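Trainee: The structure follows.
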Amino acid sequence: MKVPDLEPASSLDFIRTRIAEDLKANRNGGRVHTRFPPEPNGYLHIGHAKSICLNFGVAAENNGLCNLRFDDTNPIKETVEFEESIKKDVKWLGFDWDDRLFYASDYFEKLYEYGVHDGKAYVDSLSAEEIRDHRGTLTEPGRESPYRHRPVEENLQLFQRMREGEFEDGTHVLRAKIDMASPNINMRDPVLFRIMRASHYRQGRKWVIYPMYDYAHPISDALEGITHSLCTLEFEDHRPLYDWCLDNLPIPYRPEQIEFARLNLSYTVLSKRKLLTLVTEGHVKGWDDPRMPTLSGLRRRGYTPEAIRNFCESIGVAKRDAIVDVAQLEHAIRNDLNKRSPRVMAVLRPLRVVIENYPENETEQLDAVNNPEDATAGTRKVPFSRVLYIEQEDFRENPPKQFFRLAPGREVRLRYAYFITCKEVIKDASGNVVELRCTYDPATRGGDAPEGRSSPKATMHWVSAAHAVPAEVRLYDRLFNEERPDNDSSVNPGSLEVLSGCQVEPSLKTSNHGDRFQFERQGYFCVDPDSRPDALVFNRTVTLRDTWAKIEKNLKK
RNA sequence: UGGGGCGUGGCCAAGUGGUAAGGCACAGGUCUUUGGAACCUGUAUUCGAAGGUUCGAAUCCUUCCGCCCCAGCCA
């Protein structure tokens with residue numbers, strides 16, 4: 001009898017499919033070994049998370065390994081600070097490279113040895129501009145350098161002298177001898193090594209020549225026994241060169257490079273260069289500014305590693321250029337936080353409410369559910385008294401049709417407390433509503449409607465004025481107003497709004513940095529590192545879905 | 001008009017000759033002490049276009065159109 005093949009529950013992306021095929025064909029002896037190879041020249045962002053999840057994920061799924069390798073071949077851009085931030089972020093995301101932390105710079109000696117192997121490369125003494133001139137254009141072939149046919153012996157000597165620091169920066173380079181007429185510009189004798197007197201953050205002044213990415217990368221992969229070298233689409237053109245390096249050097253091993261589309265997100269930028277600019281030009285407060293799509297920014301904003309991983313899984317891996325809607329990222333964090341974050345009441349823009357028929361000096365402790373999504377989260381006590389704060393936007397003197405929160409003469413429920421009715425509106429000299437005089441119904445304690453009475457349409461959050469704790473709340477919005485920001489786009493001026501007179505329930509007094517909460521009816525918030533016990537600071541991670549906002553928006557149309 | 005890729009609903013994305021998964025978003029509805037969550041329902045006669053092969057095509061062939069990447073001694 002024929003045994004049916006067991007198909008995987010969900011479909012595999014093209015890379016996982018390819019790896020499964022390789023495994024089935026017993027290529028690489030059944031091994032899967034990937035690597036995440038960041039250059040330590042900036043902070044990791046959500047786009048890197050996609051690559052990290054792919055590389056570490058694919059390895060884990062196949063009982064394989066994934067290395068962390070720093071591609072530190074350009075000393076003028078790289079720093080320890082960046083390296084440390086990258087390691088921290090990869091760990092935070094939830095991945096572990098165990099003892100497999102590597103550096104391209106540890107392979108410099110090997111890369112040097114392979115340099116002029118077998119006459120496959122030559123020392124060129126043209127200037128940078130001359131090399132550019134000789135390269136040709138997209139439609140015209142390049143021209144060979146007059147130095148292209150130097151004897152192997154001479155190349156060997158010159159290359160050694162390059163290393164020994166006998167030449168000025170930029171006077172010589174080592175080039176691969178491939179094909180100046182290749183329609184693929186990357187194959188027109190690409191530079192392999194350049195002279196650069198720069199202090200390397202790990203190697204110091206040990207080297208004055210540094211290898212180029214195209215040369216260092218395939219060899220690094222080979223030396224580490226990488227089976228699948230996953231990178232982004234812009235390197236597709238480089239694959240022939242990747243393969244050339246491995247084919248023409250005495251390396252007994254052949255990793256396979258596979259390219260996938262990098263992540264783009266609407267309303268933000270994801271290139272290291274642009275992110276660097278935002279930081280250096282002061283448009284944001286640093287790499288970990290909660291508006292930044294960096295992992296450190298998202299972390300400070302209150303995103304969880306789980307949410308980011310789920311997001312990366314949800315967007316898939318393919319080859320077409322795509323711009324993922326930020327709404328998809330927001331969905332991922334809401335989905336995660338909904339299940340795990342304790343609910344709490346916080347009034348962002350307070351409006352004073354006096355309950356006229358409530359005793360002056362009385363305080364009640366009312367029971368509030370910590371998380372309706374999690375029965376084990378239990379309950380807490382929330383103090384109620386005569387003077388309260390509610391949200392300014394929860395009261396309308398002239399409520400539009402579908403507004404069913406508080407208005408003159410109207411009754412609403414205060415969550416876990418009582419039904420209250422608005423009796424009087426008090427305004428200041430310029431006509432602003434500054435206080436509401438209300439009455440409460442003692443029969444509705446806890447917020448339950450007595451038998452036979454229908455419950456109000458609105459339930460609102462509130463805080464007892466005498467017990468509330470003042471706090472600063474930072475509201476974040478999309479970094480850019482344009483869906484696809486370009487180089488001329490400027491940061492959304494409304495991307496950060498700081499609210500200073502907020503009143504939060506007393507249980508928040510003991511919260512710690514990084515703690516996450518749902519402020520009921522408003523969104524998810526976390527305690528910022530700037531927060532102190534006597535000066536609480538919260539960041540809004542993301543708002544709750546707000547159907548009233550949609551209704552109101554449509555009313556205005 | 002050199003080379004390399006890619007085109008499936010508003011945004012992602014499965015599908016690889018047998019009659020268009022799923023998620024996000026959106027629109028209705030149920031429920032609700034968060035206008036939250038959850039749940040239900042709806043949304044591509046059509047897969048960039050046009051021809052062709054076939055009983056049958058998003059999947060095969062041809063032509064065309066559109067988009068992205070490459071001329072760093074960056075990665």
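We name chains A, B, ... following the order of the structure tokens; residues begin at 1 in each chain, and ligands are numbered from 1 as shown.
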Given a cut-off of 12 Å, which residues of chain B touch chain A, counting only C-alpha atoms (C1' of nucleotides), written out as a VMD selection string?
Mentor: chain B and resid 1 to 7 10 to 16 21 to 26 32 to 38 67 to 75
Trainee: From region 231-445 of chain A, collect each residue whose DSSP state is strand (DSSP E) and return the set as an MDAnalysis selection string.
Mentor: chainID A and resid 231:232 256:260 343:344 346:347 350:355 364:369 379:384 387:391 411:414 419:427 433:440
Trainee: For A27 (chain B), work out the shell of residues within 12 Å, counting only C-alpha atoms (C1' of nucleotides) and skipping chain neighbours fewer than 5 positions away, then give it as a PyMOL selection string.
Mentor: chain B and resi 41-43
Trainee: One decimal, in Å: what's the spacing between CA of Leu436 (chain A) and CA of Asn361 (chain A)?
Mentor: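 Going from CA of Leu436 (chain A) over to CA of Asn361 (chain A) covers 19.0 Å.
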Trainee: May I ask for the distance between CA of Val473 (chain A) and CA of Val498 (chain A), given in Å to one decimal place?
Mentor: 5.9 Å
Trainee: Quick one: pick out all alpha helix (DSSP H) residues within region 49-278 of chain A from a backbone DSSP run and write them as an NGL selection string.
Mentor: :A and (49-61 or 80-93 or 108-114 or 128-134 or 152-163 or 213-223 or 239-247 or 272-278)
Trainee: Write the selection just made, keeping C-alpha atoms, as a short mmCIF file (atom, residue, chain, number, x, y, z; two decimals), in the first residue's frame?
Mentor:
```
data_model
loop_
_atom_site.label_atom_id
_atom_site.label_comp_id
_atom_site.auth_asym_id
_atom_site.auth_seq_id
_atom_site.Cartn_x
_atom_site.Cartn_y
_atom_site.Cartn_z
CA ALA A 49 14.28 41.73 12.02
CA LYS A 50 12.85 40.16 8.89
CA SER A 51 16.29 38.86 7.95
CA ILE A 52 17.08 37.72 11.49
CA CYS A 53 13.81 35.83 11.78
CA LEU A 54 14.42 34.26 8.40
CA ASN A 55 18.02 33.22 9.01
CA PHE A 56 17.65 32.03 12.58
CA GLY A 57 14.18 30.68 11.90
CA VAL A 58 15.08 28.59 8.90
CA ALA A 59 18.06 27.15 10.75
CA ALA A 60 16.01 26.24 13.82
CA GLU A 61 13.26 24.67 11.76
CA VAL A 80 31.84 49.06 18.99
CA GLU A 81 28.72 50.96 19.97
CA PHE A 82 27.00 49.67 16.87
CA GLU A 83 28.26 46.16 17.44
CA GLU A 84 27.01 46.14 21.02
CA SER A 85 23.61 47.49 20.04
CA ILE A 86 23.28 44.82 17.36
CA LYS A 87 24.09 41.99 19.75
CA LYS A 88 21.65 43.38 22.28
CA ASP A 89 18.90 43.68 19.71
CA VAL A 90 19.34 40.20 18.26
CA LYS A 91 19.17 38.72 21.76
CA TRP A 92 16.19 40.85 22.64
CA LEU A 93 14.41 39.63 19.54
CA PHE A 108 41.66 39.32 6.94
CA GLU A 109 44.80 37.22 6.96
CA LYS A 110 43.13 34.47 4.97
CA LEU A 111 41.60 36.99 2.61
CA TYR A 112 45.04 38.46 2.07
CA GLU A 113 46.57 35.07 1.34
CA TYR A 114 43.94 34.25 -1.23
CA ALA A 128 39.82 55.94 -8.54
CA GLU A 129 38.66 58.31 -11.27
CA GLU A 130 40.59 56.45 -13.92
CA ILE A 131 39.12 53.19 -12.81
CA ARG A 132 35.69 54.70 -13.06
CA ASP A 133 36.48 55.93 -16.58
CA HIS A 134 37.66 52.50 -17.61
CA VAL A 152 52.07 37.24 -11.12
CA GLU A 153 55.36 37.82 -9.34
CA GLU A 154 55.04 41.57 -9.60
CA ASN A 155 51.47 41.45 -8.37
CA LEU A 156 52.56 39.36 -5.44
CA GLN A 157 55.22 41.86 -4.51
CA LEU A 158 53.06 44.93 -5.00
CA PHE A 159 50.23 43.43 -3.00
CA GLN A 160 52.63 42.66 -0.20
CA ARG A 161 53.97 46.20 -0.31
CA MET A 162 50.39 47.49 -0.22
CA ARG A 163 49.90 45.57 2.96
CA TYR A 213 32.34 43.14 0.66
CA ASP A 214 32.07 41.21 -2.59
CA TYR A 215 35.31 39.46 -1.84
CA ALA A 216 35.07 39.06 1.90
CA HIS A 217 31.52 37.81 2.00
CA PRO A 218 31.64 34.61 -0.05
CA ILE A 219 34.90 33.60 1.57
CA SER A 220 33.58 34.28 5.05
CA ASP A 221 30.55 32.17 4.23
CA ALA A 222 32.73 29.37 2.95
CA LEU A 223 35.07 29.44 5.92
CA ARG A 239 25.87 36.48 -7.26
CA PRO A 240 28.06 35.72 -10.28
CA LEU A 241 30.89 37.46 -8.46
CA TYR A 242 30.09 35.60 -5.25
CA ASP A 243 30.33 32.37 -7.19
CA TRP A 244 33.43 33.51 -9.04
CA CYS A 245 35.28 34.09 -5.80
CA LEU A 246 34.48 30.61 -4.61
CA ASP A 247 35.25 29.00 -7.95
CA LYS A 272 20.41 52.90 7.36
CA ARG A 273 21.56 56.02 5.59
CA LYS A 274 18.25 57.82 6.10
CA LEU A 275 17.94 56.65 9.66
CA LEU A 276 21.46 57.87 10.35
CA THR A 277 20.51 61.26 8.93
CA LEU A 278 17.45 61.49 11.17
#
```
Trainee: If we count only C-alpha atoms (C1' of nucleotides) and set the cut-off at 12 Å, which residues sit around C65 (chain B), ignoring sequence neighbours fewer than 6 positions away in its own chain? Please answer as a list in words.
Mentor: G7, G48, A49 and A50 of chain B
Trainee: Measure the distance from CA of Asp441 (chain A) to CA of Val412 (chain A) in Å and round it to one decimal.
Mentor: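 A separation of 10.6 Å between them.
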Trainee: For His228 (chain A), which of A:Met180, A:Leu23, A:Val32, A:Leu496 is the closest residue, counting only C-alpha atoms?
Mentor: A:Val32
Trainee: With only C-alpha atoms as the basis for distance, which of A:Val387, A:Leu348, A:Ile426, A:Val463 is at the shortest distance from Arg540 (chain A)?
Mentor: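 Going through A:Val387, A:Leu348, A:Ile426, A:Val463 one by one, the smallest distance to Arg540 (chain A) is for A:Leu348.
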Trainee: Which residues come within 12 Å of region 302-304 of chain A, counting only C-alpha atoms (C1' of nucleotides), excluding same-chain residues fewer than 6 positions away, as a PyMOL selection string?
Mentor: chain A and resi 46+89+92-94+288-296+310-311+329-338+340-341+474+476+513-518+523-529+538-543
